[in-house]
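Trainee: Structure supplied as upload-v2.pdb; contents: PDB, C-alpha atoms.
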ATOM      1  CA  MET N   1      10.221 -26.859 -25.535
ATOM      2  CA  LYS N   2      11.155 -27.735 -21.958
ATOM      3  CA  LEU N   3       7.854 -26.375 -20.685
ATOM      4  CA  GLY N   4       5.927 -28.229 -23.383
ATOM      5  CA  GLY N   5       7.665 -31.476 -22.460
ATOM      6  CA  PHE N   6       6.926 -30.908 -18.818
ATOM      7  CA  ALA N   7       3.254 -30.158 -19.543
ATOM      8  CA  LEU N   8       3.003 -33.381 -21.566
ATOM      9  CA  VAL N   9       4.502 -35.465 -18.753
ATOM     10  CA  ALA N  10       2.218 -33.773 -16.204
ATOM     11  CA  ALA N  11      -0.837 -34.417 -18.382
ATOM     12  CA  LEU N  12       0.148 -38.073 -18.784
ATOM     13  CA  VAL N  13       0.545 -38.508 -15.032
ATOM     14  CA  VAL N  14      -2.798 -36.791 -14.351
ATOM     15  CA  VAL N  15      -4.565 -39.101 -16.782
ATOM     16  CA  ALA N  16      -2.586 -42.249 -16.029
ATOM     17  CA  GLY N  17      -2.754 -42.074 -12.204
ATOM     18  CA  PRO N  18      -6.514 -42.423 -11.759
ATOM     19  CA  SER N  19      -6.725 -44.712 -14.825
ATOM     20  CA  VAL N  20      -4.497 -47.301 -13.168
ATOM     21  CA  GLY N  21      -6.780 -47.167 -10.143
ATOM     22  CA  LEU N  22      -9.889 -47.512 -12.280
ATOM     23  CA  ALA N  23      -8.374 -50.475 -14.105
ATOM     24  CA  GLN N  24      -7.778 -52.212 -10.772
ATOM     25  CA  GLN N  25     -11.162 -51.259  -9.341
ATOM     26  CA  GLN N  26     -12.540 -53.946  -7.119
ATOM     27  CA  PRO N  27     -16.223 -54.617  -7.648
ATOM     28  CA  GLY N  28     -18.340 -53.575  -4.688
ATOM     29  CA  ALA N  29     -15.555 -51.669  -2.910
ATOM     30  CA  ALA N  30     -17.681 -48.524  -2.554
ATOM     31  CA  ASP N  31     -20.751 -50.470  -1.426
ATOM     32  CA  GLU N  32     -18.731 -52.324   1.173
ATOM     33  CA  ARG N  33     -17.560 -49.033   2.716
ATOM     34  CA  SER N  34     -21.012 -47.437   2.609
ATOM     35  CA  MET N  35     -22.093 -46.218   6.031
ATOM     36  CA  GLY N  36     -24.869 -43.983   7.271
ATOM     37  CA  PHE N  37     -24.810 -41.916  10.432
ATOM     38  CA  ARG N  38     -27.961 -42.027  12.554
ATOM     39  CA  PRO N  39     -28.624 -40.799  16.074
ATOM     40  CA  GLY N  40     -27.705 -43.526  18.567
ATOM     41  CA  LEU N  41     -28.271 -44.077  22.257
ATOM     42  CA  GLY N  42     -24.777 -42.763  22.929
ATOM     43  CA  ASP N  43     -24.377 -44.058  26.458
ATOM     44  CA  ALA N  44     -20.976 -42.564  27.262
ATOM     45  CA  ALA N  45     -20.820 -44.307  30.662
ATOM     46  CA  ARG N  46     -20.383 -47.767  29.122
ATOM     47  CA  GLU N  47     -17.758 -46.720  26.578
ATOM     48  CA  ARG N  48     -14.517 -48.638  26.848
ATOM     49  CA  VAL N  49     -12.611 -45.996  24.895
ATOM     50  CA  PRO N  50     -13.191 -42.468  26.277
ATOM     51  CA  GLY N  51     -14.923 -40.774  23.330
ATOM     52  CA  GLY N  52     -15.241 -37.409  25.084
ATOM     53  CA  ARG N  53     -11.502 -37.006  25.511
ATOM     54  CA  LEU N  54     -10.831 -37.987  21.898
ATOM     55  CA  LEU N  55     -13.482 -35.516  20.731
ATOM     56  CA  VAL N  56     -12.065 -32.663  22.810
ATOM     57  CA  GLY N  57      -8.553 -33.564  21.651
ATOM     58  CA  ALA N  58      -9.585 -33.481  17.988
ATOM     59  CA  TYR N  59     -11.393 -30.126  18.200
ATOM     60  CA  THR N  60      -8.585 -28.606  20.288
ATOM     61  CA  ALA N  61      -5.986 -29.720  17.723
ATOM     62  CA  ALA N  62      -8.060 -28.332  14.838
ATOM     63  CA  LEU N  63      -8.614 -24.964  16.533
ATOM     64  CA  VAL N  64      -4.963 -24.680  17.622
ATOM     65  CA  LEU N  65      -3.782 -25.347  14.044
ATOM     66  CA  ILE N  66      -6.229 -22.850  12.526
ATOM     67  CA  GLY N  67      -5.439 -20.234  15.212
ATOM     68  CA  GLY N  68      -1.716 -20.860  14.769
ATOM     69  CA  TYR N  69      -1.959 -20.309  11.028
ATOM     70  CA  VAL N  70      -3.954 -17.079  11.515
ATOM     71  CA  ALA N  71      -1.295 -15.879  14.008
ATOM     72  CA  PHE N  72       1.481 -16.830  11.545
ATOM     73  CA  ILE N  73      -0.159 -14.769   8.768
ATOM     74  CA  ALA N  74      -0.753 -11.822  11.135
ATOM     75  CA  ARG N  75       2.923 -11.875  12.210
ATOM     76  CA  ARG N  76       4.132 -11.982   8.586
ATOM     77  CA  ALA N  77       1.793  -9.095   7.673
ATOM     78  CA  ALA N  78       3.047  -7.000  10.611
ATOM     79  CA  LYS N  79       6.688  -7.725   9.691
ATOM     80  CA  LEU N  80       6.024  -6.799   6.056
ATOM     81  CA  GLU N  81       4.510  -3.486   7.117
ATOM     82  CA  GLU N  82       7.474  -2.770   9.379
ATOM     83  CA  ASP N  83      10.021  -3.695   6.675
ATOM     84  CA  MET N  84       8.206  -1.509   4.147
ATOM     85  CA  ARG N  85       8.305   1.450   6.566
ATOM     86  CA  ARG N  86      12.011   0.870   7.210
ATOM     87  CA  LEU N  87      12.721   0.829   3.461
ATOM     88  CA  GLU N  88      10.790   4.099   3.010
ATOM     89  CA  ASP N  89      12.778   5.655   5.906
ATOM     90  CA  ASP N  90      16.088   4.449   4.450
ATOM     91  CA  LEU N  91      15.242   5.883   1.042
ATOM     92  CA  ALA N  92      13.997   9.169   2.529
ATOM     93  CA  ARG N  93      17.203   9.515   4.591
ATOM     94  CA  ARG N  94      19.281   8.880   1.502
ATOM     95  CA  ALA N  95      17.367  11.256  -0.813
ATOM     96  CA  PRO N  96      18.492  14.654   0.648
ATOM     97  CA  LYS N  97      22.123  13.482   0.522
ATOM     98  CA  ASP N  98      21.876  12.928  -3.239
ATOM     99  CA  GLU N  99      20.311  16.342  -3.793
TER
ATOM    100  CA  MET F   1      -9.775  -4.668   1.144
ATOM    101  CA  ARG F   2     -12.463  -2.537   2.842
ATOM    102  CA  TRP F   3     -14.772  -5.547   3.010
ATOM    103  CA  MET F   4     -12.114  -7.828   4.491
ATOM    104  CA  PRO F   5     -12.891  -7.115   8.207
ATOM    105  CA  ALA F   6     -16.584  -7.850   7.550
ATOM    106  CA  ILE F   7     -15.814 -11.123   5.741
ATOM    107  CA  SER F   8     -13.310 -12.125   8.440
ATOM    108  CA  GLY F   9     -15.913 -11.378  11.122
ATOM    109  CA  LEU F  10     -18.483 -13.450   9.243
ATOM    110  CA  ALA F  11     -16.012 -16.340   8.964
ATOM    111  CA  PHE F  12     -15.293 -16.150  12.714
ATOM    112  CA  ALA F  13     -19.016 -16.040  13.614
ATOM    113  CA  LEU F  14     -19.813 -18.971  11.307
ATOM    114  CA  MET F  15     -16.922 -21.004  12.741
ATOM    115  CA  ALA F  16     -18.220 -20.356  16.279
ATOM    116  CA  ALA F  17     -21.740 -21.355  15.186
ATOM    117  CA  ALA F  18     -20.408 -24.494  13.461
ATOM    118  CA  LEU F  19     -18.493 -25.435  16.608
ATOM    119  CA  TRP F  20     -21.535 -25.000  18.832
ATOM    120  CA  THR F  21     -23.819 -26.832  16.394
ATOM    121  CA  ALA F  22     -21.406 -29.759  16.046
ATOM    122  CA  LEU F  23     -20.690 -30.184  19.741
ATOM    123  CA  ASP F  24     -24.082 -29.377  21.239
ATOM    124  CA  TRP F  25     -26.942 -29.418  18.720
ATOM    125  CA  ALA F  26     -26.089 -32.372  16.473
ATOM    126  CA  PRO F  27     -27.174 -35.745  17.882
ATOM    127  CA  VAL F  28     -24.700 -38.387  19.011
ATOM    128  CA  ALA F  29     -24.359 -41.116  16.356
ATOM    129  CA  GLN F  30     -24.674 -44.860  16.769
ATOM    130  CA  ASP F  31     -21.819 -46.687  18.541
ATOM    131  CA  SER F  32     -20.597 -48.404  15.335
ATOM    132  CA  ALA F  33     -19.826 -44.944  13.899
ATOM    133  CA  GLY F  34     -17.851 -43.974  16.999
ATOM    134  CA  GLY F  35     -20.683 -42.603  19.196
ATOM    135  CA  LEU F  36     -19.597 -39.255  20.600
ATOM    136  CA  THR F  37     -16.393 -39.173  18.526
ATOM    137  CA  GLN F  38     -18.474 -39.184  15.311
ATOM    138  CA  LYS F  39     -18.877 -35.431  15.984
ATOM    139  CA  ILE F  40     -15.264 -35.094  14.766
ATOM    140  CA  PHE F  41     -16.829 -35.625  11.319
ATOM    141  CA  TYR F  42     -18.109 -31.997  11.238
ATOM    142  CA  PHE F  43     -14.552 -30.581  11.225
ATOM    143  CA  HIS F  44     -12.772 -33.564   9.645
ATOM    144  CA  VAL F  45     -14.654 -33.584   6.321
ATOM    145  CA  PRO F  46     -14.688 -29.781   5.733
ATOM    146  CA  SER F  47     -10.945 -29.752   6.544
ATOM    147  CA  ALA F  48     -10.374 -32.326   3.801
ATOM    148  CA  TYR F  49     -12.409 -30.130   1.457
ATOM    149  CA  VAL F  50     -10.264 -27.062   2.337
ATOM    150  CA  MET F  51      -7.181 -29.208   1.709
ATOM    151  CA  TYR F  52      -8.470 -29.747  -1.855
ATOM    152  CA  ILE F  53      -9.108 -25.978  -2.225
ATOM    153  CA  GLY F  54      -5.558 -25.229  -1.056
ATOM    154  CA  VAL F  55      -3.968 -27.761  -3.374
ATOM    155  CA  GLY F  56      -6.156 -26.532  -6.251
ATOM    156  CA  ALA F  57      -4.989 -22.955  -5.637
ATOM    157  CA  CYS F  58      -1.373 -24.155  -5.437
ATOM    158  CA  VAL F  59      -1.653 -25.991  -8.761
ATOM    159  CA  LEU F  60      -3.355 -23.018 -10.423
ATOM    160  CA  GLY F  61      -0.667 -20.655  -9.102
ATOM    161  CA  SER F  62       2.127 -23.055 -10.083
ATOM    162  CA  LEU F  63       0.818 -23.467 -13.637
ATOM    163  CA  GLY F  64       0.422 -19.686 -13.904
ATOM    164  CA  TYR F  65       3.978 -19.228 -12.662
ATOM    165  CA  LEU F  66       5.374 -21.814 -15.078
ATOM    166  CA  PHE F  67       3.746 -20.034 -18.015
ATOM    167  CA  GLN F  68       4.012 -16.355 -16.988
ATOM    168  CA  ARG F  69       6.713 -16.169 -14.246
ATOM    169  CA  THR F  70       4.917 -13.412 -12.330
ATOM    170  CA  PRO F  71       5.165 -13.082  -8.523
ATOM    171  CA  GLY F  72       1.371 -12.991  -8.185
ATOM    172  CA  TRP F  73       1.025 -16.596  -9.400
ATOM    173  CA  ASP F  74       3.900 -17.661  -7.157
ATOM    174  CA  ALA F  75       2.236 -15.998  -4.136
ATOM    175  CA  LEU F  76      -1.041 -17.805  -4.889
ATOM    176  CA  ALA F  77       0.797 -21.138  -5.153
ATOM    177  CA  GLN F  78       2.584 -20.586  -1.846
ATOM    178  CA  ALA F  79      -0.618 -19.543  -0.043
ATOM    179  CA  GLY F  80      -2.483 -22.536  -1.478
ATOM    180  CA  ALA F  81       0.211 -25.002  -0.427
ATOM    181  CA  GLU F  82       0.278 -23.633   3.120
ATOM    182  CA  LEU F  83      -3.512 -23.778   3.371
ATOM    183  CA  GLY F  84      -3.485 -27.328   2.004
ATOM    184  CA  VAL F  85      -0.825 -28.523   4.443
ATOM    185  CA  VAL F  86      -2.467 -26.898   7.495
ATOM    186  CA  PHE F  87      -5.859 -28.451   6.755
ATOM    187  CA  ALA F  88      -4.373 -31.795   5.699
ATOM    188  CA  SER F  89      -2.676 -31.834   9.113
ATOM    189  CA  ILE F  90      -6.078 -31.286  10.738
ATOM    190  CA  VAL F  91      -7.456 -34.206   8.699
ATOM    191  CA  LEU F  92      -4.508 -36.405   9.691
ATOM    192  CA  ILE F  93      -4.852 -35.564  13.413
ATOM    193  CA  THR F  94      -8.638 -35.625  13.796
ATOM    194  CA  GLY F  95      -9.104 -38.779  11.673
ATOM    195  CA  PRO F  96      -6.937 -41.048  13.849
ATOM    196  CA  LEU F  97      -8.571 -39.722  17.041
ATOM    197  CA  TRP F  98     -11.971 -40.711  15.635
ATOM    198  CA  ALA F  99     -10.555 -44.015  14.348
ATOM    199  CA  ARG F 100      -9.282 -44.922  17.825
ATOM    200  CA  LYS F 101     -12.895 -45.167  18.941
ATOM    201  CA  ALA F 102     -14.594 -46.351  15.747
ATOM    202  CA  TRP F 103     -11.969 -48.855  14.546
ATOM    203  CA  GLY F 104     -10.056 -49.551  17.759
ATOM    204  CA  ALA F 105      -6.764 -48.258  16.314
ATOM    205  CA  TYR F 106      -5.370 -44.792  15.614
ATOM    206  CA  TRP F 107      -4.037 -45.696  12.194
ATOM    207  CA  ALA F 108      -4.690 -48.276   9.483
ATOM    208  CA  TRP F 109      -2.815 -48.411   6.201
ATOM    209  CA  ASP F 110      -6.106 -47.855   4.405
ATOM    210  CA  PRO F 111      -5.757 -46.452   0.847
ATOM    211  CA  ARG F 112      -7.375 -43.126   1.747
ATOM    212  CA  LEU F 113      -5.262 -42.597   4.865
ATOM    213  CA  THR F 114      -2.073 -43.603   3.103
ATOM    214  CA  THR F 115      -2.656 -41.446   0.018
ATOM    215  CA  THR F 116      -3.654 -38.455   2.204
ATOM    216  CA  LEU F 117      -0.397 -38.801   4.157
ATOM    217  CA  LEU F 118       1.550 -39.092   0.906
ATOM    218  CA  GLY F 119      -0.144 -36.008  -0.572
ATOM    219  CA  THR F 120       0.553 -33.990   2.581
ATOM    220  CA  LEU F 121       4.235 -34.941   2.525
ATOM    221  CA  ILE F 122       4.494 -33.892  -1.135
ATOM    222  CA  PHE F 123       3.190 -30.416  -0.309
ATOM    223  CA  VAL F 124       5.399 -30.161   2.782
ATOM    224  CA  ALA F 125       8.298 -30.883   0.403
ATOM    225  CA  TYR F 126       6.982 -28.155  -1.922
ATOM    226  CA  LEU F 127       6.960 -25.628   0.960
ATOM    227  CA  VAL F 128      10.483 -26.569   2.064
ATOM    228  CA  LEU F 129      11.755 -26.268  -1.509
ATOM    229  CA  HIS F 130       9.898 -23.013  -2.135
ATOM    230  CA  SER F 131      11.053 -21.383   1.103
ATOM    231  CA  ASN F 132      14.671 -22.104   0.135
ATOM    232  CA  ALA F 133      14.243 -20.978  -3.472
ATOM    233  CA  ALA F 134      16.913 -18.384  -4.153
ATOM    234  CA  GLY F 135      16.073 -17.804  -7.790
ATOM    235  CA  GLU F 136      13.697 -18.479 -10.630
ATOM    236  CA  ALA F 137      15.060 -21.963 -11.350
ATOM    237  CA  GLU F 138      14.201 -23.247  -7.857
ATOM    238  CA  LYS F 139      10.796 -21.611  -8.004
ATOM    239  CA  LYS F 140      10.116 -23.275 -11.352
ATOM    240  CA  PHE F 141      11.204 -26.603  -9.919
ATOM    241  CA  SER F 142       8.925 -26.218  -6.881
ATOM    242  CA  ALA F 143       6.033 -25.218  -9.171
ATOM    243  CA  ALA F 144       6.626 -28.379 -11.229
ATOM    244  CA  LEU F 145       6.667 -30.447  -8.027
ATOM    245  CA  ALA F 146       3.292 -28.961  -7.021
ATOM    246  CA  VAL F 147       1.737 -29.805 -10.401
ATOM    247  CA  MET F 148       3.101 -33.352 -10.333
ATOM    248  CA  GLY F 149       2.219 -33.788  -6.648
ATOM    249  CA  ALA F 150      -1.376 -32.770  -7.241
ATOM    250  CA  CYS F 151      -1.848 -35.959  -9.268
ATOM    251  CA  VAL F 152      -2.315 -37.778  -5.968
ATOM    252  CA  MET F 153      -5.435 -35.696  -5.183
ATOM    253  CA  PRO F 154      -7.873 -37.591  -7.455
ATOM    254  CA  VAL F 155      -6.403 -40.821  -6.092
ATOM    255  CA  ILE F 156      -7.190 -39.647  -2.521
ATOM    256  CA  HIS F 157     -10.699 -38.652  -3.520
ATOM    257  CA  PHE F 158     -11.600 -41.832  -5.397
ATOM    258  CA  SER F 159      -9.646 -44.282  -3.205
ATOM    259  CA  VAL F 160     -12.749 -45.160  -1.161
ATOM    260  CA  GLN F 161     -14.576 -46.176  -4.336
ATOM    261  CA  LEU F 162     -11.669 -47.946  -5.965
ATOM    262  CA  TRP F 163     -10.243 -50.111  -3.211
ATOM    263  CA  ARG F 164     -11.488 -51.941  -0.167
ATOM    264  CA  GLY F 165     -10.506 -50.579   3.222
ATOM    265  CA  GLN F 166     -11.838 -49.233   6.495
ATOM    266  CA  HIS F 167     -12.518 -45.570   5.695
ATOM    267  CA  PRO F 168     -16.316 -45.250   5.271
ATOM    268  CA  THR F 169     -18.234 -43.471   2.525
ATOM    269  CA  VAL F 170     -21.066 -41.421   3.972
ATOM    270  CA  ILE F 171     -21.931 -38.367   1.887
ATOM    271  CA  THR F 172     -20.961 -39.651  -1.563
ATOM    272  CA  SER F 173     -23.615 -40.906  -3.998
ATOM    273  CA  ARG F 174     -23.152 -44.488  -2.763
ATOM    274  CA  GLY F 175     -22.710 -43.524   0.890
ATOM    275  CA  GLY F 176     -25.119 -44.273   3.694
ATOM    276  CA  GLY F 177     -26.278 -40.688   4.203
ATOM    277  CA  LEU F 178     -26.887 -38.561   7.265
ATOM    278  CA  ALA F 179     -29.747 -37.862   9.641
ATOM    279  CA  PRO F 180     -31.336 -34.418   8.873
ATOM    280  CA  GLU F 181     -29.794 -32.606  11.893
ATOM    281  CA  MET F 182     -26.399 -34.037  11.015
ATOM    282  CA  GLY F 183     -26.770 -32.906   7.401
ATOM    283  CA  LYS F 184     -27.611 -29.339   8.485
ATOM    284  CA  THR F 185     -24.633 -29.286  10.869
ATOM    285  CA  LEU F 186     -22.307 -30.465   8.118
ATOM    286  CA  ALA F 187     -23.716 -27.856   5.692
ATOM    287  CA  LEU F 188     -23.025 -25.086   8.229
ATOM    288  CA  SER F 189     -19.477 -26.383   8.747
ATOM    289  CA  PHE F 190     -18.866 -26.472   4.987
ATOM    290  CA  THR F 191     -20.093 -22.847   4.667
ATOM    291  CA  ALA F 192     -17.902 -21.667   7.564
ATOM    292  CA  PHE F 193     -14.821 -23.489   6.267
ATOM    293  CA  THR F 194     -15.326 -22.219   2.701
ATOM    294  CA  ILE F 195     -15.470 -18.561   3.779
ATOM    295  CA  MET F 196     -12.560 -19.016   6.195
ATOM    296  CA  ALA F 197     -10.462 -20.716   3.484
ATOM    297  CA  ALA F 198     -11.174 -17.888   1.021
ATOM    298  CA  VAL F 199     -10.136 -15.253   3.610
ATOM    299  CA  LEU F 200      -6.951 -17.123   4.598
ATOM    300  CA  LEU F 201      -5.977 -17.752   0.978
ATOM    301  CA  PHE F 202      -6.552 -14.137  -0.060
ATOM    302  CA  VAL F 203      -4.739 -12.572   2.908
ATOM    303  CA  ARG F 204      -1.793 -15.003   2.792
ATOM    304  CA  ALA F 205      -1.359 -14.526  -0.971
ATOM    305  CA  ARG F 206      -1.384 -10.727  -0.517
ATOM    306  CA  VAL F 207       1.253 -10.920   2.216
ATOM    307  CA  ALA F 208       3.421 -13.254   0.092
ATOM    308  CA  LEU F 209       3.077 -10.917  -2.883
ATOM    309  CA  GLY F 210       3.973  -7.922  -0.673
ATOM    310  CA  GLU F 211       7.093  -9.751   0.537
ATOM    311  CA  ALA F 212       8.129 -10.506  -3.044
ATOM    312  CA  ARG F 213       7.615  -6.873  -4.095
ATOM    313  CA  LEU F 214       9.571  -5.614  -1.066
ATOM    314  CA  ALA F 215      12.497  -7.866  -1.997
ATOM    315  CA  GLU F 216      12.353  -6.538  -5.590
ATOM    316  CA  LEU F 217      12.276  -2.912  -4.381
ATOM    317  CA  ARG F 218      15.284  -3.451  -2.120
ATOM    318  CA  THR F 219      17.282  -5.068  -4.909
ATOM    319  CA  GLU F 220      16.374  -2.231  -7.278
ATOM    320  CA  ALA F 221      17.281   0.420  -4.676
ATOM    321  CA  VAL F 222      20.677  -1.213  -4.162
ATOM    322  CA  SER F 223      21.310  -1.468  -7.901
ATOM    323  CA  GLN F 224      20.556   2.255  -8.269
ATOM    324  CA  GLY F 225      22.839   3.117  -5.355
ATOM    325  CA  LEU F 226      19.979   4.318  -3.159
ATOM    326  CA  LEU F 227      20.609   1.690  -0.490
ATOM    327  CA  ASP F 228      23.673  -0.013   0.922
ATOM    328  CA  GLU F 229      23.965  -3.711   0.180
ATOM    329  CA  GLU F 230      23.838  -4.681   3.871
ATOM    330  CA  ALA F 231      20.368  -3.112   4.086
ATOM    331  CA  VAL F 232      18.988  -5.885   1.847
TER
END
Written as structure tokens, that's how I'd like the structure from this file.

Mentor:
Amino acid sequence: MKLGGFALVAALVVVAGPSVGLAQQQPGAADERSMGFRPGLGDAARERVPGGRLLVGAYTAALVLIGGYVAFIARRAAKLEEDMRRLEDDLARRAPKDE
Amino acid sequence: MRWMPAISGLAFALMAAALWTALDWAPVAQDSAGGLTQKIFYFHVPSAYVMYIGVGACVLGSLGYLFQRTPGWDALAQAGAELGVVFASIVLITGPLWARKAWGAYWAWDPRLTTTLLGTLIFVAYLVLHSNAAGEAEKKFSAALAVMGACVMPVIHFSVQLWRGQHPTVITSRGGGLAPEMGKTLALSFTAFTIMAAVLLFVRARVALGEARLAELRTEAVSQGLLDEEAV
């Protein structure tokens, strides 16, 4: 019953959330935002804001986050393997005592 | 699992190729799009797409857990939430760096930016709650939070079509489109990110499931008197 009630509320929120947005849709909003990317002259020397540094910063941040997450998973996997081995050792040490 | 090193190697090679293609091969865009910083696009958009994959996996795992209460579903939900938060963080860092050049400000309270931040915070809350879950009740509660929190995802996706703001639409049906070289670069990035996301999701879910099984084994060993309680 609880789960059914929860599922009903969740379904209502899923349907109602975007519906409210659709009801308030402003005509032409998507067209106004429409933008195409085309090759430009890209004269970095006359840029007031240093695009190169921002670009390097963005890619560095992305790679650090991805690398960090890979390292986090690798550390957890290594710890799991070690804990599993320790449990096996503990059980093996205990087994002869019981016999 | 035998094929995992090959898939991981492929993901790494494709990521390196995507990086080189984005930074070197793809042309620099017009100044109104941010000039050189427009190249952030090739990691920014696929990261948003991986965020959706992560949240989708989290919702699937959470619904599975709510109905079946098995650790496999819970592990999938946890892995999906982590993947979603990591890549949402990339979106939220790279976007403002591009915006600084294209819009003149790091942040604008644009509907897409605001809803993306909100969605990220919801899944951070899920991870905090889940990591402190001592029993089934807390896990059920965190699963419910994930399902409810995912309701913001369609709002993020459609916000650029629903409301006015600064975030552009480029590759949607009503977007302005891309030059051919830019389209190929983006396609390569999407391929690399998809394979990498699948590898990360699979490996993280396996590790989470292994941790859950280890905890179960320890508890069972203690209950049968095979282990001392302090070993758990």

Trainee: With 4 Å of padding per side, what axis-aligned box (centre and edge lengths, Å, one decimal) covers all the listed atoms of stretch 82-87 of chain N? Give it as JSON.

Mentor:
{"center_x": 10.1, "center_y": -1.1, "center_z": 6.4, "size_x": 13.2, "size_y": 13.1, "size_z": 13.9}

Trainee: Which value, in Å to one decimal, gives the distance between atom CA of F:Gln68 and atom CA of N:Lys79?

Mentor: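 Atom-to-atom, atom CA of F:Gln68 and atom CA of N:Lys79 are spaced 28.2 Å apart.
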
Trainee: Just give me the gap between atom CA of F:Gly183 and atom CA of F:Ser47 in Å, one decimal is fine.

Mentor: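 Between atom CA of F:Gly183 and atom CA of F:Ser47 the gap works out to 16.2 Å.
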
Trainee: With a distance cut-off of 8 Å and only C-alpha atoms, select the neighbouring residues of stretch 62-78 of chain N, excluding the residue or stretch itself and same-chain residues fewer than 6 positions from it, and output the selection as a list of chain:residue names.

Mentor: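 Residues near the query, excluding close chain neighbours: F:Phe43, F:Val86, F:Ile90, F:Thr94, F:Leu200, F:Val203, F:Arg204, F:Val207.
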
Trainee: Please, could you write that set of residues out with C-alpha atoms as a CSV table (one decimal), in the frame of the given file?

Mentor:
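Written file, again_1.csv:
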chain,number,residue,atom,x,y,z
F,43,PHE,CA,-14.6,-30.6,11.2
F,86,VAL,CA,-2.5,-26.9,7.5
F,90,ILE,CA,-6.1,-31.3,10.7
F,94,THR,CA,-8.6,-35.6,13.8
F,200,LEU,CA,-7.0,-17.1,4.6
F,203,VAL,CA,-4.7,-12.6,2.9
F,204,ARG,CA,-1.8,-15.0,2.8
F,207,VAL,CA,1.3,-10.9,2.2

Trainee: At a cut-off of 6 Å, using only C-alpha atoms, what residues contact stretch 78-82 of chain F? Leave out same-chain residues fewer than 3 positions from it and give the result as a list in words.

Mentor: Gly54, Val55, Ala57, Cys58, Ala75, Val85, Leu201, Arg204 and Ala205 of chain F

Trainee: If you keep C-alpha atoms, can you produce a file of those selected residues as a compact mmCIF listing (two decimals), keeping the file's coordinate frame?

Mentor:
# COMPACT_ATOMS: atom_id res chain seq x y z
CA GLY F 54 -5.56 -25.23 -1.06
CA VAL F 55 -3.97 -27.76 -3.37
CA ALA F 57 -4.99 -22.96 -5.64
CA CYS F 58 -1.37 -24.16 -5.44
CA ALA F 75 2.24 -16.00 -4.14
CA VAL F 85 -0.82 -28.52 4.44
CA LEU F 201 -5.98 -17.75 0.98
CA ARG F 204 -1.79 -15.00 2.79
CA ALA F 205 -1.36 -14.53 -0.97
